[in-house]
Amino acid sequence: MIRSYHGHLSGVYCVTTHPTLDLLFTGGRDSVCRVWDIRTKAEVMVLGGHRGTVLSVATQAGEPQVVTGSADATVRTWDLLTGQATSILTHHKKGVRAVAFHPE
C-alpha cells in the first residue's frame, strides 16, 4: 500500500482520478463524493446532496466538472470551483451505477 485516505463514514463504492489535476474522487455509502489532493492526502471538499450511496463518479479534463451517479436514482453534475451541484438529472427507475463523459 502506498497511501490510504480516511474520511468516509462507511464503504467506498467508486474511485477515479482527474485526468489533469492531482485530485482523487471517492464515492461512498455515506452519500457523498469526497475530493482528495493526491500529493498531500488532504480532503479538498465534500460533494454532498445525494440521498443514497454514490455508485459512480466521472471527471473530464476540459472543464472543472464532476458527474456522480447514486442509488437515489439521480445523476448530479458538480462545479469543482464552487463545490455546488450545477444540475440534477432525475426520473431513473433505479440507482445509477455508471456515468461517463462523451470524449468531445
# chains A, B, ... in the order shown; residues from 1 in each chain; ligands from 1
call {"tool": "select_by_dssp", "arguments": {"residues": "stretch 65-95 of chain A", "states": "strand (DSSP E or B)", "output": "PyMOL selection string"}}
result
chain A and resi 65-70+75-79+84-89
call {"tool": "closest_residue", "arguments": {"among": "A:Val46, A:Ile2, A:Val54, A:Ala85", "to": "A:Gly28", "atoms": "only C-alpha atoms"}}
result
A:Val54
call {"tool": "closest_residue", "arguments": {"among": "A:Val66, A:Leu9, A:Met1, A:Val96", "to": "A:Phe25", "atoms": "only C-alpha atoms"}}
result
A:Val66
call {"tool": "residues_around", "arguments": {"residues": "A:Phe101", "least_positions_apart": "3", "cutoff": "9 Å", "atoms": "only C-alpha atoms", "output": "list of chain:residue names"}}
result
A:Ala58, A:Thr59, A:Gln60, A:Val67, A:Glu104
call {"tool": "write_last_selection", "arguments": {"atoms": "N, CA and C atoms", "output": "compact mmCIF listing (two decimals), in the first residue's frame"}}
result
# COMPACT_ATOMS: atom_id res chain seq x y z
N ALA A 58 -17.31 10.36 -12.45
CA ALA A 58 -16.50 10.57 -13.65
C ALA A 58 -16.03 12.02 -13.69
N THR A 59 -14.86 12.23 -14.29
CA THR A 59 -14.29 13.57 -14.44
C THR A 59 -13.84 13.77 -15.88
N GLN A 60 -13.56 15.01 -16.23
CA GLN A 60 -13.03 15.29 -17.55
C GLN A 60 -12.01 16.41 -17.46
N VAL A 67 -19.19 14.37 -12.44
CA VAL A 67 -20.52 13.79 -12.53
C VAL A 67 -20.58 12.60 -11.57
N GLU A 104 -15.89 14.25 -26.66
CA GLU A 104 -15.83 15.58 -27.24
C GLU A 104 -16.70 16.53 -26.48
call {"tool": "closest_residue", "arguments": {"among": "A:Arg29, A:Lys41, A:Arg34, A:Arg51", "to": "A:Arg3", "atoms": "only C-alpha atoms"}}
result
A:Lys41
